[in-house]
Each structure stands twice: as structure tokens, then as C-alpha cells.
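The data block below is data_26.txt; it holds compact mmCIF, C-alpha atoms.
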```txt
# COMPACT_ATOMS: atom_id res chain seq x y z
CA MET A 58 142.82 109.24 95.17
CA LYS A 59 141.29 106.30 93.31
CA ILE A 60 137.50 105.82 93.25
CA LEU A 61 135.69 102.57 92.45
CA VAL A 62 132.03 102.79 91.40
CA ALA A 63 129.74 99.77 91.14
CA VAL A 64 126.99 99.94 88.51
CA LYS A 65 124.09 97.60 87.82
CA ARG A 66 122.05 96.96 84.67
CA VAL A 67 118.32 97.11 85.42
CA VAL A 68 115.02 97.61 83.63
CA ASP A 69 114.73 101.23 82.53
CA TYR A 70 112.90 103.25 85.19
CA ASN A 71 110.38 104.51 82.61
CA VAL A 72 109.24 100.97 81.78
CA LYS A 73 106.30 99.37 83.57
CA VAL A 74 107.45 95.86 84.40
CA ARG A 75 105.33 92.83 83.55
CA ILE A 76 105.10 89.56 85.43
CA LYS A 77 105.54 86.27 83.59
CA PRO A 78 102.29 84.33 83.10
CA ASP A 79 103.46 81.60 85.49
CA GLY A 80 104.37 84.15 88.18
CA SER A 81 107.95 82.87 88.37
CA ASP A 82 109.62 86.26 87.84
CA VAL A 83 109.48 89.60 86.06
CA ASP A 84 109.45 89.38 82.27
CA ILE A 85 112.39 91.33 80.81
CA VAL A 86 112.41 89.84 77.31
CA GLY A 87 112.55 92.70 74.83
CA VAL A 88 112.40 95.27 77.64
CA LYS A 89 114.59 98.38 77.54
CA MET A 90 117.43 98.13 80.04
CA GLY A 91 119.73 100.79 81.42
CA ILE A 92 121.95 101.87 84.25
CA ASN A 93 120.49 101.87 87.75
CA PRO A 94 119.59 105.54 88.50
CA PHE A 95 121.24 105.59 91.94
CA ASP A 96 124.44 104.14 90.45
CA GLU A 97 124.42 106.92 87.87
CA ASN A 98 124.45 109.43 90.75
CA ALA A 99 127.43 107.56 92.18
CA ILE A 100 129.31 107.82 88.87
CA GLU A 101 128.48 111.52 88.57
CA GLU A 102 129.81 112.22 92.05
CA ALA A 103 133.04 110.33 91.36
CA ILE A 104 133.61 112.30 88.16
CA ARG A 105 132.89 115.60 89.93
CA LEU A 106 135.48 114.73 92.56
CA LYS A 107 137.97 114.05 89.80
CA GLU A 108 137.12 117.34 88.08
CA LYS A 109 137.82 119.12 91.37
CA GLY A 110 141.26 117.55 91.46
CA LEU A 111 140.39 115.37 94.46
CA ALA A 112 140.54 112.08 92.55
CA THR A 113 143.01 110.78 90.00
CA GLU A 114 141.15 107.78 88.61
CA VAL A 115 137.55 106.56 88.41
CA ILE A 116 136.92 102.85 87.80
CA ALA A 117 133.47 101.48 86.98
CA VAL A 118 132.70 97.83 87.72
CA SER A 119 129.64 95.77 86.88
CA LEU A 120 128.65 92.15 87.40
CA GLY A 121 126.74 90.04 84.87
CA GLY A 122 126.75 88.91 81.27
CA SER A 123 128.17 90.63 78.20
CA ALA A 124 125.03 92.79 77.99
CA ASN A 125 126.37 94.68 81.02
CA GLN A 126 128.94 96.30 78.78
CA ASP A 127 126.33 98.91 77.84
CA VAL A 128 126.15 100.33 81.38
CA LEU A 129 129.93 100.29 81.65
CA ARG A 130 130.21 102.19 78.38
CA HIS A 131 127.67 104.65 79.73
CA ALA A 132 129.98 105.16 82.71
CA LEU A 133 132.97 105.59 80.39
CA ALA A 134 131.02 108.12 78.32
CA MET A 135 130.25 110.08 81.49
CA GLY A 136 133.96 110.26 82.30
CA ALA A 137 135.10 107.06 84.02
CA ASP A 138 138.70 106.13 83.21
CA ARG A 139 138.45 102.34 83.27
CA ALA A 140 135.77 99.65 83.28
CA ILE A 141 135.76 96.13 84.71
CA LEU A 142 133.15 93.46 83.98
CA ILE A 143 132.87 90.45 86.27
CA GLU A 144 131.34 87.94 83.89
CA THR A 145 128.64 85.55 85.08
CA ASP A 146 125.22 84.37 83.92
CA VAL A 147 124.10 83.61 87.49
CA ASP A 148 121.53 85.91 89.07
CA LEU A 149 123.68 87.32 91.87
CA GLN A 150 122.25 88.15 95.29
CA PRO A 151 123.45 91.10 97.45
CA LEU A 152 125.86 89.18 99.70
CA VAL A 153 127.57 87.53 96.72
CA VAL A 154 127.81 90.90 94.94
CA ALA A 155 129.43 92.38 98.07
CA LYS A 156 131.96 89.52 98.22
CA LEU A 157 132.86 89.90 94.54
CA LEU A 158 133.24 93.66 94.92
CA LYS A 159 135.45 93.06 97.95
CA ALA A 160 137.77 90.98 95.76
CA ILE A 161 138.00 93.82 93.24
CA VAL A 162 138.60 96.36 96.02
CA GLU A 163 141.45 94.25 97.39
CA ARG A 164 142.99 94.15 93.92
CA GLU A 165 142.49 97.81 92.95
CA LYS A 166 142.85 99.30 96.45
CA PRO A 167 140.61 102.36 95.87
CA ASP A 168 140.37 105.09 98.50
CA LEU A 169 136.62 105.48 98.04
CA ILE A 170 133.95 103.00 96.92
CA LEU A 171 130.70 104.50 95.66
CA LEU A 172 127.45 102.62 94.99
CA GLY A 173 123.83 103.53 94.50
CA LYS A 174 121.85 103.23 97.72
CA GLN A 175 119.70 100.53 96.11
CA ALA A 176 118.86 98.93 92.77
CA ILE A 177 115.40 99.64 91.43
CA ASP A 178 114.81 96.03 90.37
CA ASP A 179 114.82 94.43 93.82
CA ASP A 180 115.09 97.52 96.10
CA ALA A 181 117.18 95.46 98.53
CA GLY A 182 119.53 98.29 99.53
CA GLN A 183 122.00 95.86 101.12
CA THR A 184 125.14 95.58 99.00
CA GLY A 185 126.89 98.77 100.15
CA GLN A 186 126.41 97.98 103.83
CA MET A 187 127.53 94.36 103.37
CA LEU A 188 130.61 95.47 101.43
CA ALA A 189 131.59 97.92 104.18
CA ALA A 190 131.21 95.17 106.79
CA LEU A 191 133.29 92.68 104.79
CA LEU A 192 136.04 95.26 104.26
CA ASP A 193 135.74 96.65 107.80
CA TYR A 194 135.52 100.15 106.27
CA PRO A 195 133.50 103.09 107.62
CA GLN A 196 130.32 103.71 105.66
CA GLY A 197 127.94 106.53 104.82
CA THR A 198 124.61 105.45 103.36
CA PHE A 199 121.93 107.45 101.51
CA ALA A 200 124.39 110.28 100.92
CA SER A 201 122.92 113.62 99.78
CA ALA A 202 126.25 115.53 99.96
CA ILE A 203 129.94 114.58 100.03
CA GLU A 204 132.99 116.67 100.91
CA ILE A 205 136.63 115.59 101.12
CA GLU A 206 139.37 117.29 103.09
CA ALA A 207 142.75 115.61 103.53
CA ASN A 208 141.97 112.02 104.58
CA THR A 209 138.51 112.76 105.94
CA LEU A 210 135.26 112.30 104.06
CA THR A 211 132.23 114.25 105.30
CA VAL A 212 128.89 112.70 104.31
CA THR A 213 125.51 114.32 104.76
CA ARG A 214 122.72 111.78 104.78
CA GLU A 215 118.98 111.93 105.22
CA VAL A 216 117.40 110.25 108.22
CA ASP A 217 113.81 110.12 109.48
CA GLY A 218 114.23 113.21 111.61
CA GLY A 219 116.10 115.35 109.07
CA THR A 220 119.78 115.10 108.13
CA GLU A 221 122.83 113.60 109.75
CA THR A 222 126.49 114.47 109.10
CA LEU A 223 129.20 111.82 109.37
CA ALA A 224 132.99 112.17 109.28
CA LEU A 225 134.63 109.08 107.77
CA THR A 226 138.31 108.21 107.53
CA LEU A 227 139.30 106.97 104.08
CA PRO A 228 139.11 104.35 102.69
CA ALA A 229 135.33 104.25 103.01
CA VAL A 230 132.13 103.02 101.37
CA VAL A 231 129.38 105.50 100.44
CA THR A 232 125.97 104.81 98.88
CA ALA A 233 124.40 107.59 96.82
CA ASP A 234 120.90 109.00 97.05
CA LEU A 235 119.20 110.76 94.13
CA ARG A 236 119.61 114.08 95.97
CA LEU A 237 123.40 113.80 95.80
CA ASN A 238 123.56 115.38 92.34
CA GLU A 239 122.01 115.66 88.89
CA PRO A 240 123.81 113.29 86.49
CA ARG A 241 125.14 114.94 83.35
CA PHE A 242 123.64 114.35 79.93
CA VAL A 243 125.82 111.97 77.96
CA LYS A 244 126.55 113.35 74.50
CA LEU A 245 126.61 111.13 71.43
CA PRO A 246 130.31 111.79 70.62
CA ASN A 247 131.23 110.64 74.12
CA LEU A 248 129.20 107.46 73.67
CA MET A 249 130.91 106.79 70.36
CA MET A 250 134.35 107.23 71.93
CA ALA A 251 133.34 105.00 74.85
CA ARG A 252 132.59 102.17 72.43
CA LYS A 253 136.25 102.12 71.43
CA LYS A 254 137.57 101.92 74.97
CA PRO A 255 138.57 98.49 76.32
CA ILE A 256 136.60 96.79 79.09
CA GLU A 257 138.53 94.39 81.29
CA ALA A 258 136.61 91.13 81.62
CA ILE A 259 137.14 88.84 84.61
CA ASN A 260 135.41 85.46 84.75
CA VAL A 261 133.70 85.10 88.10
CA THR A 262 135.35 81.71 88.67
CA ALA A 263 138.76 83.41 88.74
CA LEU A 264 137.79 85.19 91.97
CA GLY A 265 137.24 81.92 93.84
CA ILE A 266 133.96 82.95 95.46
CA ALA A 267 130.87 80.73 95.75
CA ILE A 268 128.05 82.47 93.89
CA GLU A 269 125.20 79.99 94.30
CA PRO A 270 121.98 81.73 95.46
CA ARG A 271 121.03 81.29 99.10
CA LEU A 272 117.52 82.61 98.65
CA LYS A 273 114.87 81.10 96.38
CA LEU A 274 112.28 83.22 94.59
CA ILE A 275 108.98 81.44 95.07
CA GLN A 276 106.48 83.67 93.30
CA VAL A 277 105.97 87.16 91.93
CA ALA A 278 102.49 88.70 91.96
CA GLU A 279 100.80 92.03 91.34
CA PRO A 280 99.83 93.95 94.50
CA ALA A 281 96.23 93.53 95.62
CA VAL A 282 93.80 95.92 93.96
CA ARG A 283 92.56 98.56 96.38
CA LYS A 284 88.84 99.09 96.76
CA ALA A 285 87.43 102.27 95.27
CA GLY A 286 86.90 105.22 97.60
CA ILE A 287 83.46 106.54 98.49
CA LYS A 288 81.90 109.94 99.10
CA VAL A 289 79.85 110.80 102.14
CA GLY A 290 77.18 113.43 102.41
CA SER A 291 77.90 114.70 105.91
CA VAL A 292 80.28 114.57 108.84
CA GLU A 293 77.79 112.44 110.73
CA GLU A 294 77.76 109.84 107.94
CA LEU A 295 81.56 109.83 107.86
CA LEU A 296 81.79 109.31 111.61
CA ASN A 297 79.23 106.52 111.46
CA LYS A 298 81.19 104.70 108.76
CA LEU A 299 84.41 105.15 110.70
CA ARG A 300 82.77 103.61 113.76
CA THR A 301 81.39 100.64 111.84
CA HIS A 302 84.30 100.38 109.33
CA GLU A 303 81.66 100.30 106.61
CA GLY A 304 83.25 101.08 103.27
CA ILE A 305 86.50 102.16 104.94
CA LEU A 306 89.88 100.54 104.27
CA VAL A 307 91.57 99.79 107.59
```
As a first step, turn the structure in this file into C-alpha cells.
Amino acid sequence: MKILVAVKRVVDYNVKVRIKPDGSDVDIVGVKMGINPFDENAIEEAIRLKEKGLATEVIAVSLGGSANQDVLRHALAMGADRAILIETDVDLQPLVVAKLLKAIVEREKPDLILLGKQAIDDDAGQTGQMLAALLDYPQGTFASAIEIEANTLTVTREVDGGTETLALTLPAVVTADLRLNEPRFVKLPNLMMARKKPIEAINVTALGIAIEPRLKLIQVAEPAVRKAGIKVGSVEELLNKLRTHEGILV
């Protein structure tokens, strides 16, 4: 079984993002970048499936400029067998990402496609679902557990009322939640070896897909500052303020 894992380069989750002075976007100049945490869970799960003898090859793919090689090398250091970089300097939106991934899926013909459930930069959470629709594959989103038996993939996912279990026929698309696993610590020797491994680069124009943005970012702003809370001296005072909405955020 071949597994394809999509990984995205985002601002490190420990970094507090800043907005550009003109409010046009988030300022990432000089900011530490890294692999999207949910995508790291997806890579970990793919490698675990390979270690169990259920997969024969794990391929990591990323979309963006040459800087994206660092997240691909992270995937290689974790245990991925191959890495593919779709090169573009355009800020890709979810539907375009899904179409580009579809082209890679049609070329590589993996049995399972794993993605993070969302990217922490835009929190869109759309690419996996769009990819499944474009491929007409069954999908399991927000996966917290995965089991494979023969040609059937069992996915446990969290829903509002608890958990839900799905049985999917391979090939399928699955998006990983943080609860799926605990990604392994990448050792320095593995990172050093990963730097020597080749990364296949494909120019986005070679895939013949229109990548122009359909949505326009108008403005980015900090959330409104909440008013400070207050203390009341008695239940009667609290009830009175609730009735009049005085000093209460509603």
C-alpha cells in the first residue's frame, strides 16, 4: 500500500503572529516557520502504518517555494521515503491546493491520502474534503484513530455528540486530528541524513491547473478587546445587573 501525505509550511505554533502596520496581512518576515502540527500527525500515522507492515511507501508532498524543502526534509527525517515539492510563489487557496494534489494522486496512485484536518495559519479545514470530492473517494475527517484490514479502512472521528466510526473502502482520503497520535521526536542524525535525500521538484505550470486566487484578502485586524469583568457584592446586585445588562457582556 502506498500512502501520500500532504504537508504545509506555516508559522511555528509557539510564535505569536503580528499584523502588518497597514493591516494587509500577517507579518512573517523573520518569523520561525515549521511544519503544520496536524500534518505532522498525518506523517506519523503513515509511518506507523508502514512500520506495522501495512504500507510499503510513504510520500510527502508540499506546495510552495524552495523554503518548503525544510518541512519535506522534516518528513523525510521522520521516515517518509520520498518527497515532492510543487513549486510556486503564488499564495494558494484550498480549492487550488486540492486540484494540485489531485494531479499528484493521479500520477502516484496512492491507496491512502493523509492530510492534517486544517492548517493553523488560516484554519480553513477545507482541502481534504475538496480533494475527496474531486477524486470521488470516500473520506474520514478529524480522525482520532485509524485501522486497516484488507481493503477496508476504519476511521474513528470525533463529532459533537461523541465519536463516530466509519468504514471506508480504499483508496480514501483521511484528515488527521491531534488526538490521532503523538509525533515522534526527530533526532539530529536523521535530519542530517534527510538533507542528503533528493526532493523531486515539479513546477506548478507543468500540472496545467489555473492557480489564480478566487478570494481577495481585504484586511487583517486584531480581535476587539473585551471589557474587563466586574465583581458584585451580592446575588441581588448580580441579578439586577443581569436584568439591566449593566456592566455585563451580552
Protein and nucleic acid residues near (134.8, 118.4, 103.6) (cut-off 12 Å, all atoms listed in the file) as a PyMOL selection string: chain A and resi 106+111+202-213+222-226
Nearest to A:Leu188 by atom-to-atom distance, counting all atoms listed in the file, from A:Ala63, A:Ile141, A:Ala132, A:Ala112: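 For A:Leu188, the nearest of the given residues is A:Ala63.
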Taking all atoms listed in the file into account, which of A:Gly110, A:Asp69, A:Phe199, A:Gly173 comes nearest A:Asp217?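 Under the stated criterion, the closest residue is A:Phe199.
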Atom CA of A:Lys174 and atom CA of A:Arg241, how far apart in Å? 18.8 Å
Might you pull out every residue within 8 Å of stretch 276-281 of chain A, with all atoms listed in the file counted and same-chain residues fewer than 2 positions away left off, and present them as a list in words?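 Here the qualifying residues turn out to be Ile76, Gly80, Ser81, Asp82, Val83, Leu274 and Arg283 of chain A.
Shortest separation to A:Ala140 among A:Ala200, A:Ile116, A:Leu172, A:Ile100 occurs at residue A:Ile116, atoms counted being all atoms listed in the file.
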Between A:His131, A:Arg105, A:Arg271, A:Lys77, single out the one closest to A:Leu237, counting all atoms listed in the file.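 Using all atoms listed in the file, A:Leu237 sits closest to A:Arg105.
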Interatomic distance (Å, one decimal) between atom CA of A:Asp96 and atom CA of A:Arg139: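 So the answer is 15.8 Å.
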Find the residues around A:Pro167 up to 10 Å (all atoms listed in the file counted), leave out those fewer than 3 positions away in its own chain, and share them as a ChimeraX atom specification. /A:58-62,114-116,161-164,170,227-229
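Nearest to A:Ile268 of all the residues A:Pro94, A:Pro195, A:Gly87, A:Gly121 is A:Gly121, counting only C-alpha atoms.
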Which of A:Glu102, A:Glu97, A:Asp127, A:Asp146 sits closest to A:Lys254 [using all atoms listed in the file]: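 Of the candidates, the smallest distance to A:Lys254 is held by A:Asp127.
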Between atom CA of A:Ile92 and atom CA of A:Arg66, what distance in Å does the model show, to one decimal?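 The value is 4.9 Å.
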Pull the closest atom pair for each residue of stretch 204-265 of chain A that gets at most 12 Å from stretch 178-182 of chain A, along with the distance in Å to one decimal, counting only C-alpha atoms, ordering rows by chain and then ascending residue number, as a tab-separated table.
```
residue	atom	partner	partner_atom	distance
A:Thr232	CA	A:Gly182	CA	9.2
A:Ala233	CA	A:Gly182	CA	10.8
A:Asp234	CA	A:Gly182	CA	11.1
```
With 3 Å added on each side, what axis-aligned box encloses every listed atom of stretch 275-283 of chain A? Give the centre and edge lengths in Å to one decimal, as AutoDock Vina command-line options.
```
--center_x 100.8 --center_y 90.0 --center_z 93.9 --size_x 22.4 --size_y 23.1 --size_z 11.0
```
What would the list of residues within 6 Å of (131.8, 109.6, 77.6) (file frame) look like as a list of chain:residue names, if only C-alpha atoms are what count?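 Neighbouring residues, ordered by chain and number, come to A:Leu133, A:Ala134, A:Met135, A:Gly136, A:Asn247, A:Leu248, A:Ala251.
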Write out as a compact mmCIF listing (two decimals) with C-alpha atoms, in the frame of the given file each polymer residue whose atoms come within 9 Å of A:Gln150, counting all atoms listed in the file; drop sequence neighbours fewer than 5 positions from it.
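Okay, around.txt is ready:
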```txt
# COMPACT_ATOMS: atom_id res chain seq x y z
CA ALA A 155 129.43 92.38 98.07
CA THR A 184 125.14 95.58 99.00
CA ILE A 268 128.05 82.47 93.89
CA GLU A 269 125.20 79.99 94.30
CA PRO A 270 121.98 81.73 95.46
CA ARG A 271 121.03 81.29 99.10
CA LEU A 272 117.52 82.61 98.65
```
Excluding A:Val128 and its own-chain neighbours fewer than 6 positions away, which residues fall within 9 Å of it when counting all atoms listed in the file? Please give them as a VMD selection string. chain A and resid 64 to 66 91 to 93 119
